[in-house]
$ cat structure15.pdb   # PDB, C-alpha atoms
ATOM      1  CA  MET W   1      -3.561 -15.341   2.904
ATOM      2  CA  VAL W   2      -4.715 -11.816   3.684
ATOM      3  CA  SER W   3      -2.528  -9.514   5.705
ATOM      4  CA  ASN W   4      -1.847  -5.834   6.033
ATOM      5  CA  ALA W   5       0.967  -3.953   4.351
ATOM      6  CA  TRP W   6       3.402  -4.451   7.226
ATOM      7  CA  PRO W   7       5.797  -7.387   6.859
ATOM      8  CA  THR W   8       4.481 -10.384   8.746
ATOM      9  CA  ARG W   9       7.786 -10.875  10.527
ATOM     10  CA  TRP W  10       6.988  -7.839  12.723
ATOM     11  CA  SER W  11       4.968  -8.489  15.836
ATOM     12  CA  HIS W  12       3.820  -4.860  15.704
ATOM     13  CA  PRO W  13       4.020  -2.476  12.758
ATOM     14  CA  LEU W  14       6.575  -0.272  14.485
ATOM     15  CA  ASP W  15       8.577  -2.972  16.260
ATOM     16  CA  TYR W  16      11.686  -1.702  14.530
ATOM     17  CA  ARG W  17      13.952  -2.320  17.527
ATOM     18  CA  SER W  18      13.813  -6.101  17.073
ATOM     19  CA  ASP W  19      14.048  -6.211  13.288
ATOM     20  CA  HIS W  20      17.634  -5.923  12.096
ATOM     21  CA  ASN W  21      16.642  -6.313   8.420
ATOM     22  CA  LEU W  22      15.087  -2.877   8.051
ATOM     23  CA  PRO W  23      16.860  -0.342   5.871
ATOM     24  CA  PRO W  24      18.965   2.053   8.012
ATOM     25  CA  THR W  25      17.230   5.089   6.518
ATOM     26  CA  LEU W  26      13.869   3.764   7.729
ATOM     27  CA  ILE W  27      15.219   3.082  11.211
ATOM     28  CA  ARG W  28      16.464   6.705  11.412
ATOM     29  CA  VAL W  29      13.014   8.029  10.549
ATOM     30  CA  LEU W  30      11.381   5.725  13.081
ATOM     31  CA  ALA W  31      13.826   5.944  15.957
ATOM     32  CA  ASP W  32      16.119   8.976  15.918
ATOM     33  CA  PRO W  33      14.693  11.560  18.357
ATOM     34  CA  GLN W  34      17.228  14.131  17.124
ATOM     35  CA  ARG W  35      16.014  13.935  13.532
ATOM     36  CA  PRO W  36      13.782  16.947  12.784
ATOM     37  CA  GLN W  37      11.670  14.875  10.384
ATOM     38  CA  LYS W  38      11.135  12.084  12.944
ATOM     39  CA  MET W  39       7.911  10.182  12.417
ATOM     40  CA  GLU W  40       5.013  10.698  14.785
ATOM     41  CA  THR W  41       2.293   9.028  12.694
ATOM     42  CA  PRO W  42       2.742   6.868   9.577
ATOM     43  CA  THR W  43       0.257   7.654   6.815
ATOM     44  CA  ASP W  44       1.533   5.203   4.190
ATOM     45  CA  VAL W  45       4.143   2.439   4.333
ATOM     46  CA  ALA W  46       4.698  -0.305   1.784
ATOM     47  CA  PHE W  47       7.510  -2.683   0.891
ATOM     48  CA  PRO W  48       8.110  -3.956  -2.653
ATOM     49  CA  MET W  49       9.735  -7.324  -3.263
ATOM     50  CA  GLU W  50      13.186  -5.798  -3.725
ATOM     51  CA  PRO W  51      15.229  -6.036  -0.492
ATOM     52  CA  GLY W  52      15.934  -2.772   1.299
ATOM     53  CA  GLU W  53      13.334  -0.771  -0.619
ATOM     54  CA  TYR W  54      10.231   0.888   0.784
ATOM     55  CA  VAL W  55       7.956   3.874   0.406
ATOM     56  CA  MET W  56       6.806   5.823   3.399
ATOM     57  CA  CYS W  57       4.847   8.962   4.153
ATOM     58  CA  TRP W  58       4.480  10.225   7.693
ATOM     59  CA  ARG W  59       3.473  13.155   9.856
ATOM     60  CA  THR W  60       6.147  14.741  12.050
ATOM     61  CA  PRO W  61       5.566  15.884  15.656
ATOM     62  CA  GLN W  62       5.352  19.420  14.187
ATOM     63  CA  GLY W  63       2.417  18.340  11.985
ATOM     64  CA  GLU W  64       4.312  18.350   8.688
ATOM     65  CA  ASN W  65       3.799  15.640   6.080
ATOM     66  CA  ARG W  66       7.055  14.020   4.970
ATOM     67  CA  TYR W  67       8.048  11.279   2.581
ATOM     68  CA  ALA W  68      11.076   9.089   1.925
ATOM     69  CA  ASP W  69      12.170   9.784  -1.642
ATOM     70  CA  ASP W  70      15.420   7.900  -1.880
ATOM     71  CA  CYS W  71      14.375   4.392  -0.839
ATOM     72  CA  ILE W  72      12.745   3.026  -3.970
ATOM     73  CA  GLY W  73      14.360   1.719  -7.146
ATOM     74  CA  PRO W  74      14.090   3.062 -10.702
ATOM     75  CA  GLN W  75      11.396   0.525 -11.615
ATOM     76  CA  HIS W  76       9.069   2.528  -9.349
ATOM     77  CA  ALA W  77      10.130   6.025 -10.483
ATOM     78  CA  ARG W  78       6.542   6.907 -11.401
ATOM     79  CA  LEU W  79       5.374   6.110  -7.856
ATOM     80  CA  ALA W  80       8.246   8.110  -6.317
ATOM     81  CA  ARG W  81       7.240  11.119  -8.432
ATOM     82  CA  PHE W  82       3.557  10.713  -7.446
ATOM     83  CA  ILE W  83       4.428  10.550  -3.744
ATOM     84  CA  LYS W  84       6.731  13.571  -3.983
ATOM     85  CA  ASP W  85       4.202  15.633  -5.950
ATOM     86  CA  THR W  86       1.436  14.695  -3.520
ATOM     87  CA  THR W  87       3.347  15.229  -0.289
ATOM     88  CA  THR W  88       4.830  18.610  -1.241
ATOM     89  CA  VAL W  89       1.297  20.056  -1.465
ATOM     90  CA  PRO W  90       0.183  21.329   1.972
ATOM     91  CA  GLY W  91      -1.774  18.562   3.679
ATOM     92  CA  GLY W  92      -1.057  16.099   0.866
ATOM     93  CA  ARG W  93      -0.248  12.465   1.560
ATOM     94  CA  THR W  94      -0.571   9.087  -0.047
ATOM     95  CA  THR W  95      -2.399   6.164   1.510
ATOM     96  CA  ARG W  96      -2.922   2.483   0.783
ATOM     97  CA  THR W  97       0.119   2.011  -1.434
ATOM     98  CA  VAL W  98       0.574  -1.648  -2.364
ATOM     99  CA  PHE W  99       3.111  -3.505  -4.440
ATOM    100  CA  GLY W 100       2.707  -6.598  -6.542
ATOM    101  CA  PRO W 101       4.850  -8.730  -8.819
ATOM    102  CA  THR W 102       6.531  -7.416 -11.986
ATOM    103  CA  ALA W 103       7.088  -3.935 -10.506
ATOM    104  CA  SER W 104       3.333  -3.374 -10.188
ATOM    105  CA  PHE W 105       1.858  -0.956  -7.666
ATOM    106  CA  PHE W 106      -1.245   1.034  -6.779
ATOM    107  CA  SER W 107      -1.400   4.174  -4.613
ATOM    108  CA  VAL W 108      -4.130   6.600  -3.515
ATOM    109  CA  SER W 109      -4.033  10.272  -2.528
ATOM    110  CA  GLU W 110      -6.494  13.136  -2.264
ATOM    111  CA  ARG W 111      -5.217  14.175  -5.709
ATOM    112  CA  GLY W 112      -5.987  10.883  -7.409
ATOM    113  CA  TYR W 113      -4.434   7.531  -8.147
ATOM    114  CA  CYS W 114      -1.191   6.176  -9.484
ATOM    115  CA  TRP W 115      -0.549   2.655 -10.746
ATOM    116  CA  GLN W 116       1.709   0.617 -12.947
ATOM    117  CA  ASN W 117       1.717  -2.890 -14.463
ATOM    118  CA  LEU W 118      -1.641  -3.915 -13.018
ATOM    119  CA  PRO W 119      -3.420  -6.977 -14.395
ATOM    120  CA  GLN W 120      -5.336  -5.910 -17.509
ATOM    121  CA  ALA W 121      -8.714  -7.060 -16.133
ATOM    122  CA  LEU W 122      -8.182  -4.903 -13.044
ATOM    123  CA  GLU W 123      -7.301  -1.830 -15.105
ATOM    124  CA  ASP W 124     -10.298  -2.417 -17.363
ATOM    125  CA  ASP W 125     -12.641  -2.723 -14.385
ATOM    126  CA  MET W 126     -11.332   0.467 -12.774
ATOM    127  CA  HIS W 127     -11.512   2.446 -16.022
ATOM    128  CA  ALA W 128     -15.081   1.276 -16.628
ATOM    129  CA  SER W 129     -16.112   2.356 -13.124
ATOM    130  CA  PHE W 130     -14.449   5.752 -12.577
ATOM    131  CA  TYR W 131     -17.559   7.834 -13.295
ATOM    132  CA  VAL W 132     -19.682   5.717 -10.934
ATOM    133  CA  ARG W 133     -17.327   4.723  -8.114
ATOM    134  CA  GLN W 134     -13.687   5.017  -7.153
ATOM    135  CA  PRO W 135     -11.262   2.317  -6.024
ATOM    136  CA  THR W 136     -10.531   2.649  -2.307
ATOM    137  CA  THR W 137      -8.238  -0.347  -1.862
ATOM    138  CA  VAL W 138      -6.369  -2.641  -4.208
ATOM    139  CA  ALA W 139      -4.616  -5.853  -3.182
ATOM    140  CA  LEU W 140      -2.133  -7.398  -5.616
ATOM    141  CA  GLY W 141      -1.174 -11.059  -5.382
ATOM    142  CA  ALA W 142       0.922 -13.655  -7.135
ATOM    143  CA  HIS W 143       0.470 -14.458 -10.833
ATOM    144  CA  GLY W 144      -1.895 -11.558 -11.566
ATOM    145  CA  ALA W 145      -4.322 -12.177  -8.687
ATOM    146  CA  TYR W 146      -6.082  -9.082  -7.365
ATOM    147  CA  ILE W 147      -8.910  -7.643  -5.307
ATOM    148  CA  VAL W 148     -10.283  -4.126  -5.725
ATOM    149  CA  LEU W 149     -12.740  -2.550  -3.290
ATOM    150  CA  TYR W 150     -14.806   0.425  -4.434
ATOM    151  CA  SER W 151     -16.284   3.464  -2.709
ATOM    152  CA  ASP W 152     -19.848   2.159  -3.198
ATOM    153  CA  GLY W 153     -19.070  -1.131  -1.407
ATOM    154  CA  ALA W 154     -18.664  -3.161  -4.584
ATOM    155  CA  ALA W 155     -15.698  -5.444  -5.089
ATOM    156  CA  ALA W 156     -14.065  -7.112  -8.077
ATOM    157  CA  PHE W 157     -11.504  -9.865  -7.857
ATOM    158  CA  ASP W 158      -9.660 -12.599  -9.681
ATOM    159  CA  LEU W 159      -7.687 -14.707  -7.257
ATOM    160  CA  ARG W 160      -6.560 -17.247  -9.879
ATOM    161  CA  GLY W 161      -7.412 -20.096  -7.502
ATOM    162  CA  LEU W 162      -4.387 -19.195  -5.371
ATOM    163  CA  TYR W 163      -6.225 -17.921  -2.277
ATOM    164  CA  PRO W 164      -9.195 -20.269  -1.700
ATOM    165  CA  LEU W 165      -9.992 -18.992   1.803
ATOM    166  CA  VAL W 166     -10.027 -15.388   0.646
ATOM    167  CA  GLU W 167     -12.109 -16.281  -2.392
ATOM    168  CA  GLY W 168     -14.634 -18.091  -0.192
ATOM    169  CA  MET W 169     -14.868 -15.034   2.029
ATOM    170  CA  MET W 170     -15.318 -12.715  -0.969
ATOM    171  CA  ARG W 171     -18.091 -14.881  -2.407
ATOM    172  CA  ASN W 172     -19.947 -15.284   0.924
ATOM    173  CA  THR W 173     -22.311 -12.313   0.667
ATOM    174  CA  GLN W 174     -23.922 -13.085   4.027
ATOM    175  CA  GLU W 175     -20.546 -12.897   5.760
ATOM    176  CA  VAL W 176     -19.734  -9.671   3.926
ATOM    177  CA  ALA W 177     -23.055  -8.152   5.031
ATOM    178  CA  LEU W 178     -22.519  -9.330   8.607
ATOM    179  CA  ARG W 179     -19.083  -7.703   8.707
ATOM    180  CA  ARG W 180     -20.413  -4.563   6.982
ATOM    181  CA  GLY W 181     -17.962  -4.990   4.147
ATOM    182  CA  ILE W 182     -14.486  -6.332   3.677
ATOM    183  CA  ALA W 183     -11.138  -4.794   4.554
ATOM    184  CA  VAL W 184      -8.213  -6.068   2.503
ATOM    185  CA  ARG W 185      -4.733  -4.577   2.462
ATOM    186  CA  CYS W 186      -2.668  -7.075   0.527
ATOM    187  CA  LEU W 187      -2.344 -10.621  -0.664
ATOM    188  CA  SER W 188       0.769 -12.691  -0.094
ATOM    189  CA  LEU W 189       2.987 -12.559  -3.154
ATOM    190  CA  ARG W 190       4.171 -16.030  -2.253
ATOM    191  CA  ALA W 191       1.060 -18.017  -3.121
ATOM    192  CA  GLU W 192       1.145 -21.382  -1.404
TER     193      GLU W 192
END
$ encode --input "structure15.pdb" --output "structure tokens"
Amino acid sequence: MVSNAWPTRWSHPLDYRSDHNLPPTLIRVLADPQRPQKMETPTDVAFPMEPGEYVMCWRTPQGENRYADDCIGPQHARLARFIKDTTTVPGGRTTRTVFGPTASFFSVSERGYCWQNLPQALEDDMHASFYVRQPTTVALGAHGAYIVLYSDGAAAFDLRGLYPLVEGMMRNTQEVALRRGIAVRCLSLRAE
């Protein structure tokens, strides 16, 4: 299953009015017109497996970049620090943050990358490629499954046999050429 970073229970990414399971702090950012840091445009939103936790960066109506720094647990302290350090620089923001199992994550900013607990083969592939190409998107799945897309159009993946439709799509080079590449945001962490 391939989906984007928004929970599949939402009919629209910002359909926060009908979802009563969202953390109250997130609802305030999304909905409170009196809040000076109210969101105008999200730049990065991701939800780890832990209930009530999320990371979010957004642009305010005044054009400021903001981030939520109190909505993620201690197992992701490195990511919280990366987001804070990135967003406090004028114009800085993170994008394409994804979470995986075992407190793993990957995040991108203009300043660089931040990750933790990635499958070893994925880390090895990225390290071997940094001087030639950069990762643009990483999708983390169940049991160490992953996909990484690179700036030169290349892709590397190990789906562990858990996502046969996605694997077929990744291996179908004619389909990839027809679509002018592949866009992947995340893999379901509940492999079926």
$ resolve_selection --input "structure15.pdb" --expression "the PyMOL selection byres ((chain W and resi 140-146) around 10)" --output "NGL selection string"
:W and (1-2 or 98-102 or 104-106 or 117-122 or 138-139 or 147-148 or 156-163 or 185-192)
$ resolve_selection --input "structure15.pdb" --expression "the PyMOL selection byres ((chain W and resi 92) around 10)" --output "list in words"
Cys57, Glu64, Asn65, Arg66, Ile83, Lys84, Asp85, Thr86, Thr87, Thr88, Val89, Pro90, Gly91, Arg93, Thr94, Ser109, Glu110 and Arg111 of chain W
$ resolve_selection --input "structure15.pdb" --expression "the PyMOL selection byres ((chain W and resi 39) around 7)" --output "list in words"
Val29, Leu30, Gln37, Lys38, Glu40, Thr41, Pro42, Trp58, Arg59, Thr60 and Pro61 of chain W
$ residues_around --input "structure15.pdb" --residues "segment 127-131 of chain W" --least-positions-apart "3" --cutoff "12 Å" --atoms "only C-alpha atoms" --output "ChimeraX atom specification"
/W:112-113,120-124,134-136,148-152,154-156
$ write_last_selection --input "structure15.pdb" --atoms "C-alpha atoms" --output "PDB file, keeping the file's coordinate frame"
ATOM      1  CA  GLY W 112      -5.987  10.883  -7.409  1.00  0.00           C
ATOM      2  CA  TYR W 113      -4.434   7.531  -8.147  1.00  0.00           C
ATOM      3  CA  GLN W 120      -5.336  -5.910 -17.509  1.00  0.00           C
ATOM      4  CA  ALA W 121      -8.714  -7.060 -16.133  1.00  0.00           C
ATOM      5  CA  LEU W 122      -8.182  -4.903 -13.044  1.00  0.00           C
ATOM      6  CA  GLU W 123      -7.301  -1.830 -15.105  1.00  0.00           C
ATOM      7  CA  ASP W 124     -10.298  -2.417 -17.363  1.00  0.00           C
ATOM      8  CA  GLN W 134     -13.687   5.017  -7.153  1.00  0.00           C
ATOM      9  CA  PRO W 135     -11.262   2.317  -6.024  1.00  0.00           C
ATOM     10  CA  THR W 136     -10.531   2.649  -2.307  1.00  0.00           C
ATOM     11  CA  VAL W 148     -10.283  -4.126  -5.725  1.00  0.00           C
ATOM     12  CA  LEU W 149     -12.740  -2.550  -3.290  1.00  0.00           C
ATOM     13  CA  TYR W 150     -14.806   0.425  -4.434  1.00  0.00           C
ATOM     14  CA  SER W 151     -16.284   3.464  -2.709  1.00  0.00           C
ATOM     15  CA  ASP W 152     -19.848   2.159  -3.198  1.00  0.00           C
ATOM     16  CA  ALA W 154     -18.664  -3.161  -4.584  1.00  0.00           C
ATOM     17  CA  ALA W 155     -15.698  -5.444  -5.089  1.00  0.00           C
ATOM     18  CA  ALA W 156     -14.065  -7.112  -8.077  1.00  0.00           C
TER      19      ALA W 156
END
$ closest_residue --input "structure15.pdb" --among "W:Gln116, W:Thr97, W:Thr43, W:Asn172" --to "Tyr67 of chain W" --atoms "all atoms listed in the file"
W:Thr43
$ residues_around --input "structure15.pdb" --residues "Met56 of chain W" --least-positions-apart "3" --cutoff "6 Å" --atoms "all atoms listed in the file" --output "ChimeraX atom specification"
/W:44-45,67-68
$ atom_distance --input "structure15.pdb" --atom1 "atom CA of Asp70 of chain W" --atom2 "atom CA of Val55 of chain W"
8.8 Å
$ closest_residue --input "structure15.pdb" --among "W:Ala46, W:Ala103, W:Cys114, W:Met169" --to "Leu79 of chain W" --atoms "only C-alpha atoms"
W:Cys114
$ atom_distance --input "structure15.pdb" --atom1 "atom CA of Glu53 of chain W" --atom2 "atom CA of Leu26 of chain W"
9.5 Å
$ atom_distance --input "structure15.pdb" --atom1 "atom CA of Met126 of chain W" --atom2 "atom CA of His76 of chain W"
20.8 Å
